[in-house]
>>> print(open('structure.csv').read())   # CSV, C-alpha atoms
chain,number,residue,atom,x,y,z
P,1,GLU,CA,-18.6,34.3,-5.2
P,2,ALA,CA,-19.4,31.2,-7.1
P,3,ASP,CA,-19.2,31.4,-10.8
P,4,ILE,CA,-21.6,28.8,-11.9
P,5,TYR,CA,-24.5,29.8,-14.2
P,6,GLN,CA,-27.7,28.1,-15.2
P,7,THR,CA,-30.0,29.1,-18.0
P,8,PRO,CA,-32.9,29.5,-18.3
P,9,ARG,CA,-34.0,30.4,-14.8
P,10,TYR,CA,-37.6,29.6,-15.6
P,11,LEU,CA,-39.0,27.5,-18.4
P,12,VAL,CA,-42.6,26.6,-19.2
P,13,ILE,CA,-42.9,24.1,-22.0
P,14,GLY,CA,-45.4,21.8,-23.6
P,15,THR,CA,-45.5,18.0,-23.3
P,16,GLY,CA,-43.4,16.2,-25.9
P,17,LYS,CA,-40.9,19.0,-26.5
P,18,LYS,CA,-37.2,18.5,-26.3
P,19,ILE,CA,-35.4,20.7,-23.8
P,20,THR,CA,-31.8,21.4,-22.8
P,21,LEU,CA,-30.9,23.0,-19.5
P,22,GLU,CA,-27.6,24.7,-19.6
P,23,CYS,CA,-25.0,24.8,-16.8
P,24,SER,CA,-21.6,26.5,-17.1
P,25,GLN,CA,-18.8,27.2,-14.6
P,26,THR,CA,-15.7,29.3,-14.9
P,27,MET,CA,-13.8,27.9,-12.0
P,28,GLY,CA,-12.1,25.1,-13.9
P,29,HIS,CA,-13.8,22.4,-11.7
P,30,ASP,CA,-13.5,18.8,-12.8
P,31,LYS,CA,-16.6,17.6,-11.0
P,32,MET,CA,-20.1,18.7,-12.0
P,33,TYR,CA,-23.5,17.5,-10.7
P,34,TRP,CA,-27.2,17.8,-11.5
P,35,TYR,CA,-29.7,17.6,-8.7
P,36,GLN,CA,-33.5,17.5,-8.9
P,37,GLN,CA,-35.6,19.1,-6.2
P,38,ASP,CA,-39.4,19.2,-5.9
P,39,PRO,CA,-40.8,22.2,-3.9
P,40,GLY,CA,-40.1,21.8,-0.2
P,41,MET,CA,-38.4,18.5,-0.7
P,42,GLU,CA,-34.8,17.2,-0.5
P,43,LEU,CA,-32.2,17.3,-3.3
P,44,HIS,CA,-31.7,14.1,-5.3
P,45,LEU,CA,-28.6,13.5,-7.4
P,46,ILE,CA,-29.5,12.5,-11.0
P,47,HIS,CA,-26.2,12.9,-12.9
P,48,TYR,CA,-22.6,13.7,-12.2
P,49,SER,CA,-19.3,13.9,-14.1
P,50,TYR,CA,-15.7,13.6,-13.0
P,51,GLY,CA,-14.4,15.5,-16.1
P,52,VAL,CA,-14.5,15.7,-19.9
P,53,ASN,CA,-16.2,12.6,-21.4
P,54,SER,CA,-17.2,11.3,-18.0
P,55,THR,CA,-20.8,11.0,-17.1
P,56,GLU,CA,-22.5,8.8,-14.4
P,57,LYS,CA,-26.1,8.3,-13.3
P,58,GLY,CA,-27.0,9.4,-9.8
P,59,ASP,CA,-29.0,7.9,-7.1
P,60,LEU,CA,-32.4,9.0,-8.5
P,61,SER,CA,-33.4,7.4,-11.8
P,62,SER,CA,-34.0,10.1,-14.4
P,63,GLU,CA,-35.1,10.1,-18.0
P,64,SER,CA,-32.7,13.0,-18.7
P,65,THR,CA,-29.3,12.7,-20.3
P,66,VAL,CA,-26.1,14.7,-19.9
P,67,SER,CA,-22.9,15.3,-21.8
P,68,ARG,CA,-19.5,16.7,-20.8
P,69,ILE,CA,-17.6,17.7,-23.9
P,70,ARG,CA,-15.9,20.7,-22.3
P,71,THR,CA,-14.8,21.1,-18.7
P,72,GLU,CA,-16.9,24.2,-18.1
P,73,HIS,CA,-20.1,23.0,-19.6
P,74,PHE,CA,-22.6,20.3,-18.4
P,75,PRO,CA,-25.9,20.5,-20.2
P,76,LEU,CA,-28.9,18.3,-19.3
P,77,THR,CA,-31.4,17.2,-22.0
P,78,LEU,CA,-34.9,15.8,-21.9
P,79,GLU,CA,-35.8,14.3,-25.2
P,80,SER,CA,-39.6,14.4,-24.6
P,81,ALA,CA,-40.8,16.5,-21.7
P,82,ARG,CA,-43.7,15.2,-19.5
P,83,PRO,CA,-45.6,16.8,-16.7
P,84,SER,CA,-43.8,14.4,-14.3
P,85,HIS,CA,-40.5,16.3,-15.2
P,86,THR,CA,-41.8,19.5,-13.6
P,87,SER,CA,-39.3,20.3,-10.9
P,88,GLN,CA,-36.4,22.5,-10.0
P,89,TYR,CA,-33.0,21.4,-11.4
P,90,LEU,CA,-29.8,22.5,-9.7
P,91,CYS,CA,-26.3,22.3,-11.1
P,92,ALA,CA,-23.2,22.2,-8.9
P,93,SER,CA,-19.5,21.9,-9.3
P,94,SER,CA,-16.4,21.2,-7.2
P,95,GLU,CA,-12.7,20.5,-7.5
P,96,TYR,CA,-11.7,16.9,-8.0
P,97,ARG,CA,-10.3,16.3,-4.5
P,98,GLY,CA,-12.6,14.6,-2.0
P,99,ASN,CA,-12.7,17.4,0.5
P,100,ALA,CA,-13.6,20.1,-2.0
P,101,GLU,CA,-16.4,22.6,-1.5
P,102,ALA,CA,-19.5,22.4,-3.6
P,103,PHE,CA,-20.8,25.5,-5.5
P,104,PHE,CA,-24.3,25.7,-6.8
P,105,GLY,CA,-26.0,27.6,-9.6
P,106,GLN,CA,-29.3,29.5,-9.1
P,107,GLY,CA,-31.4,26.6,-10.5
P,108,THR,CA,-33.8,26.2,-13.4
P,109,ARG,CA,-37.5,25.9,-12.5
P,110,LEU,CA,-39.1,23.7,-15.2
P,111,THR,CA,-42.8,23.4,-15.7
P,112,VAL,CA,-44.2,21.0,-18.3
P,113,VAL,CA,-47.8,21.6,-19.2
U,114,LYS,CA,-25.1,4.2,2.1
U,115,GLN,CA,-24.9,7.6,3.7
U,116,GLU,CA,-28.1,9.1,5.1
U,117,VAL,CA,-28.3,12.7,6.4
U,118,THR,CA,-31.0,13.8,8.8
U,119,GLN,CA,-31.9,17.3,9.9
U,120,ILE,CA,-33.9,18.2,13.0
U,121,PRO,CA,-36.1,20.1,13.3
U,122,ALA,CA,-37.8,20.2,10.0
U,123,ALA,CA,-39.2,23.7,10.7
U,124,LEU,CA,-38.5,26.3,13.3
U,125,SER,CA,-40.2,29.6,14.0
U,126,VAL,CA,-38.6,32.0,16.5
U,127,PRO,CA,-38.9,35.7,17.4
U,128,GLU,CA,-36.2,38.1,16.2
U,129,GLY,CA,-33.1,38.2,18.4
U,130,GLU,CA,-33.1,34.6,19.6
U,131,ASN,CA,-30.1,32.4,19.4
U,132,LEU,CA,-30.9,29.1,17.8
U,133,VAL,CA,-29.4,25.7,16.9
U,134,LEU,CA,-30.0,23.6,13.9
U,135,ASN,CA,-29.0,19.9,13.9
U,136,CYS,CA,-27.6,17.6,11.3
U,137,SER,CA,-26.7,13.9,11.7
U,138,PHE,CA,-25.1,11.4,9.3
U,139,THR,CA,-24.9,7.7,9.4
U,140,ASP,CA,-21.3,7.0,8.2
U,141,SER,CA,-18.5,9.0,9.7
U,142,ALA,CA,-16.1,8.4,6.8
U,143,ILE,CA,-16.8,11.9,5.3
U,144,TYR,CA,-14.4,14.3,3.7
U,145,ASN,CA,-16.3,17.4,4.9
U,146,LEU,CA,-19.6,18.9,5.8
U,147,GLN,CA,-21.2,22.0,4.4
U,148,TRP,CA,-24.0,24.1,5.5
U,149,PHE,CA,-26.1,25.9,2.9
U,150,ARG,CA,-28.9,28.4,2.8
U,151,GLN,CA,-31.7,28.2,0.3
U,152,ASP,CA,-34.2,30.9,-0.3
U,153,PRO,CA,-37.5,29.9,-2.0
U,154,GLY,CA,-37.1,29.0,-5.6
U,155,LYS,CA,-33.4,29.8,-5.6
U,156,GLY,CA,-30.1,27.8,-5.6
U,157,LEU,CA,-28.0,27.0,-2.6
U,158,THR,CA,-25.6,29.5,-1.0
U,159,SER,CA,-22.7,28.0,0.9
U,160,LEU,CA,-22.5,29.3,4.4
U,161,LEU,CA,-19.7,27.2,6.1
U,162,LEU,CA,-17.5,24.4,5.2
U,163,ILE,CA,-16.0,22.1,7.9
U,164,GLN,CA,-13.3,19.7,6.8
U,165,SER,CA,-13.2,16.3,8.5
U,166,SER,CA,-10.2,17.2,10.5
U,167,GLN,CA,-11.8,20.4,11.9
U,168,ARG,CA,-14.2,20.8,14.9
U,169,GLU,CA,-15.8,24.1,14.0
U,170,GLN,CA,-16.0,27.1,11.7
U,171,THR,CA,-17.3,30.6,12.2
U,172,SER,CA,-18.6,33.3,9.9
U,173,GLY,CA,-20.1,36.3,11.4
U,174,ARG,CA,-23.2,35.3,13.5
U,175,LEU,CA,-22.9,31.7,12.3
U,176,ASN,CA,-20.9,28.9,14.0
U,177,ALA,CA,-20.9,25.3,12.8
U,178,SER,CA,-19.4,22.4,14.8
U,179,LEU,CA,-18.6,18.9,13.7
U,180,ASP,CA,-18.3,15.8,15.8
U,181,LYS,CA,-17.4,13.2,13.1
U,182,SER,CA,-17.2,10.3,15.4
U,183,SER,CA,-20.7,10.7,16.6
U,184,GLY,CA,-22.0,11.7,13.1
U,185,ARG,CA,-23.3,15.1,14.2
U,186,SER,CA,-23.1,18.7,13.2
U,187,THR,CA,-24.8,21.8,14.6
U,188,LEU,CA,-25.3,25.2,13.1
U,189,TYR,CA,-25.6,28.0,15.7
U,190,ILE,CA,-27.2,31.3,14.6
U,191,ALA,CA,-26.7,34.1,17.1
U,192,ALA,CA,-29.1,37.0,17.4
U,193,SER,CA,-31.4,35.9,14.6
U,194,GLN,CA,-32.9,38.4,12.2
U,195,PRO,CA,-35.9,38.3,9.8
U,196,GLY,CA,-33.4,38.2,6.9
U,197,ASP,CA,-32.2,34.8,8.2
U,198,SER,CA,-35.5,33.2,7.2
U,199,ALA,CA,-34.7,30.5,4.7
U,200,THR,CA,-34.2,26.8,4.5
U,201,TYR,CA,-30.9,25.6,5.9
U,202,LEU,CA,-29.4,22.4,4.4
U,203,CYS,CA,-26.4,20.4,5.5
U,204,ALA,CA,-24.5,18.1,3.1
U,205,VAL,CA,-21.6,15.7,3.6
U,206,SER,CA,-19.0,14.8,1.0
U,207,TYR,CA,-18.8,11.0,0.9
U,208,PHE,CA,-17.1,8.9,-1.7
U,209,ASN,CA,-17.2,11.5,-4.5
U,210,LYS,CA,-20.8,12.6,-3.9
U,211,PHE,CA,-22.6,15.1,-1.8
U,212,TYR,CA,-25.4,13.8,0.4
U,213,PHE,CA,-28.0,16.2,1.6
U,214,GLY,CA,-30.4,16.4,4.5
U,215,SER,CA,-34.0,17.5,3.8
U,216,GLY,CA,-33.4,20.9,5.5
U,217,THR,CA,-34.7,23.0,8.3
U,218,LYS,CA,-37.1,25.7,7.3
U,219,LEU,CA,-36.5,28.7,9.6
U,220,ASN,CA,-38.9,31.6,10.1
U,221,VAL,CA,-37.7,34.5,12.1
U,222,LYS,CA,-40.6,36.8,13.2
U,223,PRO,CA,-40.0,40.5,13.5
>>> encode(input="structure.csv", output="structure tokens")
Amino acid sequence: EADIYQTPRYLVIGTGKKITLECSQTMGHDKMYWYQQDPGMELHLIHYSYGVNSTEKGDLSSESTVSRIRTEHFPLTLESARPSHTSQYLCASSEYRGNAEAFFGQGTRLTVV
Amino acid sequence: KQEVTQIPAALSVPEGENLVLNCSFTDSAIYNLQWFRQDPGKGLTSLLLIQSSQREQTSGRLNASLDKSSGRSTLYIAASQPGDSATYLCAVSYFNKFYFGSGTKLNVKP
């Protein structure tokens, strides 16, 4: 069973608020990822990390930022939430090797009103 | 750039049928291919992982095959059940990233 956790599961917040979505994994994985998924649509990679102090932007441009200060923790922050940020955010992790399996958290469904 | 396509986009079948979901990818230089299941509003659950050197993997009623040279994978579900209703996604590991298809939404009718 995958040990990757996202909090909160659901979040409704007002426009302009700063939010942080949490993602933690207990598997010691070096690689971590954030995907954005609108209902019924495909996943888009918005951020990834190869390890501590490593962060990269993904294929889909995002106004969010990430940090990787500890191996197990990869939070995503929106400085000023807007209705266009309403979506589901999925966190994943994998071992560093290229043929590693990906494990996903349960996701955070964000609604900005 | 890697592109992953899944056909069909949606599928509705009566309970008990055997069915095949298709996944294709444009660049065969992949490390592996994974099939996931996603229930509405939830995260992704890994079903099967096929390494690039393998041809197939099996888990219970699920069997996934990989033909890397032709850029194709199939997920075979035997004796489908209403509990199999979900969206099925395939993903390839390619140059340190995972690329996903848009999924097949499966509905198994009792």
>>> residues_around(input="structure.csv", residues="segment 156-158 of chain U", least_positions_apart="4", cutoff="12 Å", atoms="only C-alpha atoms", output="ChimeraX atom specification")
/P:1-6,9,34-37,43,88-93,101-109 /U:147-152,162,199-204,213,216
>>> write_last_selection(input="structure.csv", atoms="C-alpha atoms", output="PDB file, in the frame of the given file")
ATOM      1  CA  GLU P   1     -18.600  34.300  -5.200  1.00  0.00           C
ATOM      2  CA  ALA P   2     -19.400  31.200  -7.100  1.00  0.00           C
ATOM      3  CA  ASP P   3     -19.200  31.400 -10.800  1.00  0.00           C
ATOM      4  CA  ILE P   4     -21.600  28.800 -11.900  1.00  0.00           C
ATOM      5  CA  TYR P   5     -24.500  29.800 -14.200  1.00  0.00           C
ATOM      6  CA  GLN P   6     -27.700  28.100 -15.200  1.00  0.00           C
ATOM      7  CA  ARG P   9     -34.000  30.400 -14.800  1.00  0.00           C
ATOM      8  CA  TRP P  34     -27.200  17.800 -11.500  1.00  0.00           C
ATOM      9  CA  TYR P  35     -29.700  17.600  -8.700  1.00  0.00           C
ATOM     10  CA  GLN P  36     -33.500  17.500  -8.900  1.00  0.00           C
ATOM     11  CA  GLN P  37     -35.600  19.100  -6.200  1.00  0.00           C
ATOM     12  CA  LEU P  43     -32.200  17.300  -3.300  1.00  0.00           C
ATOM     13  CA  GLN P  88     -36.400  22.500 -10.000  1.00  0.00           C
ATOM     14  CA  TYR P  89     -33.000  21.400 -11.400  1.00  0.00           C
ATOM     15  CA  LEU P  90     -29.800  22.500  -9.700  1.00  0.00           C
ATOM     16  CA  CYS P  91     -26.300  22.300 -11.100  1.00  0.00           C
ATOM     17  CA  ALA P  92     -23.200  22.200  -8.900  1.00  0.00           C
ATOM     18  CA  SER P  93     -19.500  21.900  -9.300  1.00  0.00           C
ATOM     19  CA  GLU P 101     -16.400  22.600  -1.500  1.00  0.00           C
ATOM     20  CA  ALA P 102     -19.500  22.400  -3.600  1.00  0.00           C
ATOM     21  CA  PHE P 103     -20.800  25.500  -5.500  1.00  0.00           C
ATOM     22  CA  PHE P 104     -24.300  25.700  -6.800  1.00  0.00           C
ATOM     23  CA  GLY P 105     -26.000  27.600  -9.600  1.00  0.00           C
ATOM     24  CA  GLN P 106     -29.300  29.500  -9.100  1.00  0.00           C
ATOM     25  CA  GLY P 107     -31.400  26.600 -10.500  1.00  0.00           C
ATOM     26  CA  THR P 108     -33.800  26.200 -13.400  1.00  0.00           C
ATOM     27  CA  ARG P 109     -37.500  25.900 -12.500  1.00  0.00           C
TER      28      ARG P 109
ATOM     29  CA  GLN U 147     -21.200  22.000   4.400  1.00  0.00           C
ATOM     30  CA  TRP U 148     -24.000  24.100   5.500  1.00  0.00           C
ATOM     31  CA  PHE U 149     -26.100  25.900   2.900  1.00  0.00           C
ATOM     32  CA  ARG U 150     -28.900  28.400   2.800  1.00  0.00           C
ATOM     33  CA  GLN U 151     -31.700  28.200   0.300  1.00  0.00           C
ATOM     34  CA  ASP U 152     -34.200  30.900  -0.300  1.00  0.00           C
ATOM     35  CA  LEU U 162     -17.500  24.400   5.200  1.00  0.00           C
ATOM     36  CA  ALA U 199     -34.700  30.500   4.700  1.00  0.00           C
ATOM     37  CA  THR U 200     -34.200  26.800   4.500  1.00  0.00           C
ATOM     38  CA  TYR U 201     -30.900  25.600   5.900  1.00  0.00           C
ATOM     39  CA  LEU U 202     -29.400  22.400   4.400  1.00  0.00           C
ATOM     40  CA  CYS U 203     -26.400  20.400   5.500  1.00  0.00           C
ATOM     41  CA  ALA U 204     -24.500  18.100   3.100  1.00  0.00           C
ATOM     42  CA  PHE U 213     -28.000  16.200   1.600  1.00  0.00           C
ATOM     43  CA  GLY U 216     -33.400  20.900   5.500  1.00  0.00           C
TER      44      GLY U 216
END
>>> closest_residue(input="structure.csv", among="U:Pro223, U:Val117, U:Asn135, U:Arg168", to="chain P", atoms="only C-alpha atoms")
U:Val117
>>> atom_distance(input="structure.csv", atom1="atom CA of Ile190 of chain U", atom2="atom CA of Leu132 of chain U")
5.4 Å
>>> interface_residues(input="structure.csv", of="chain U", to="chain P", cutoff="9 Å", atoms="all atoms listed in the file", output="PDB file with C-alpha atoms, in the coordinates of the input")
ATOM      1  CA  ILE U 143     -16.800  11.900   5.300  1.00  0.00           C
ATOM      2  CA  TYR U 144     -14.400  14.300   3.700  1.00  0.00           C
ATOM      3  CA  ASN U 145     -16.300  17.400   4.900  1.00  0.00           C
ATOM      4  CA  LEU U 146     -19.600  18.900   5.800  1.00  0.00           C
ATOM      5  CA  GLN U 147     -21.200  22.000   4.400  1.00  0.00           C
ATOM      6  CA  PRO U 153     -37.500  29.900  -2.000  1.00  0.00           C
ATOM      7  CA  GLY U 154     -37.100  29.000  -5.600  1.00  0.00           C
ATOM      8  CA  LYS U 155     -33.400  29.800  -5.600  1.00  0.00           C
ATOM      9  CA  GLY U 156     -30.100  27.800  -5.600  1.00  0.00           C
ATOM     10  CA  LEU U 157     -28.000  27.000  -2.600  1.00  0.00           C
ATOM     11  CA  THR U 158     -25.600  29.500  -1.000  1.00  0.00           C
ATOM     12  CA  SER U 159     -22.700  28.000   0.900  1.00  0.00           C
ATOM     13  CA  LEU U 162     -17.500  24.400   5.200  1.00  0.00           C
ATOM     14  CA  GLN U 164     -13.300  19.700   6.800  1.00  0.00           C
ATOM     15  CA  SER U 165     -13.200  16.300   8.500  1.00  0.00           C
ATOM     16  CA  LEU U 202     -29.400  22.400   4.400  1.00  0.00           C
ATOM     17  CA  SER U 206     -19.000  14.800   1.000  1.00  0.00           C
ATOM     18  CA  TYR U 207     -18.800  11.000   0.900  1.00  0.00           C
ATOM     19  CA  PHE U 208     -17.100   8.900  -1.700  1.00  0.00           C
ATOM     20  CA  ASN U 209     -17.200  11.500  -4.500  1.00  0.00           C
ATOM     21  CA  LYS U 210     -20.800  12.600  -3.900  1.00  0.00           C
ATOM     22  CA  PHE U 211     -22.600  15.100  -1.800  1.00  0.00           C
ATOM     23  CA  TYR U 212     -25.400  13.800   0.400  1.00  0.00           C
ATOM     24  CA  PHE U 213     -28.000  16.200   1.600  1.00  0.00           C
ATOM     25  CA  GLY U 214     -30.400  16.400   4.500  1.00  0.00           C
ATOM     26  CA  SER U 215     -34.000  17.500   3.800  1.00  0.00           C
ATOM     27  CA  GLY U 216     -33.400  20.900   5.500  1.00  0.00           C
ATOM     28  CA  LYS U 218     -37.100  25.700   7.300  1.00  0.00           C
TER      29      LYS U 218
END
>>> residues_around(input="structure.csv", residues="Gly184 of chain U", least_positions_apart="4", cutoff="7 Å", atoms="all atoms listed in the file", output="PyMOL selection string")
chain U and resi 137-141+180
>>> atom_distance(input="structure.csv", atom1="atom CA of Ser166 of chain U", atom2="atom CA of Ser178 of chain U")
11.4 Å
>>> atom_distance(input="structure.csv", atom1="atom CA of Thr7 of chain P", atom2="atom CA of Glu22 of chain P")
5.3 Å
>>> closest_residue(input="structure.csv", among="P:Ile46, P:Leu110, P:Ala81, P:Met27", to="Ser94 of chain P", atoms="only C-alpha atoms")
P:Met27
>>> residues_around(input="structure.csv", residues="Val133 of chain U", least_positions_apart="6", cutoff="7 Å", atoms="all atoms listed in the file", output="list in words")
Thr187, Leu188, Tyr189 and Ile190 of chain U
>>> residues_near_point(input="structure.csv", point="(-27.6, 35.7, 16.2)", cutoff="10 Å", atoms="all atoms listed in the file", output="compact mmCIF listing (two decimals) with C-alpha atoms, in the coordinates of the input")
# COMPACT_ATOMS: atom_id res chain seq x y z
CA GLU U 128 -36.20 38.10 16.20
CA GLY U 129 -33.10 38.20 18.40
CA GLU U 130 -33.10 34.60 19.60
CA ASN U 131 -30.10 32.40 19.40
CA LEU U 132 -30.90 29.10 17.80
CA GLY U 173 -20.10 36.30 11.40
CA ARG U 174 -23.20 35.30 13.50
CA LEU U 175 -22.90 31.70 12.30
CA ASN U 176 -20.90 28.90 14.00
CA TYR U 189 -25.60 28.00 15.70
CA ILE U 190 -27.20 31.30 14.60
CA ALA U 191 -26.70 34.10 17.10
CA ALA U 192 -29.10 37.00 17.40
CA SER U 193 -31.40 35.90 14.60
CA GLN U 194 -32.90 38.40 12.20
CA ASP U 197 -32.20 34.80 8.20
>>> residues_near_point(input="structure.csv", point="(-38.9, 8.7, -13.9)", cutoff="8 Å", atoms="all atoms listed in the file", output="PDB file with C-alpha atoms, in the frame of the given file")
ATOM      1  CA  SER P  61     -33.400   7.400 -11.800  1.00  0.00           C
ATOM      2  CA  SER P  62     -34.000  10.100 -14.400  1.00  0.00           C
ATOM      3  CA  GLU P  63     -35.100  10.100 -18.000  1.00  0.00           C
ATOM      4  CA  SER P  84     -43.800  14.400 -14.300  1.00  0.00           C
ATOM      5  CA  HIS P  85     -40.500  16.300 -15.200  1.00  0.00           C
TER       6      HIS P  85
END
>>> residues_around(input="structure.csv", residues="Cys136 of chain U", least_positions_apart="5", cutoff="6 Å", atoms="all atoms listed in the file", output="compact mmCIF listing (two decimals) with C-alpha atoms, in the coordinates of the input")
# COMPACT_ATOMS: atom_id res chain seq x y z
CA THR U 118 -31.00 13.80 8.80
CA GLN U 119 -31.90 17.30 9.90
CA ARG U 185 -23.30 15.10 14.20
CA SER U 186 -23.10 18.70 13.20
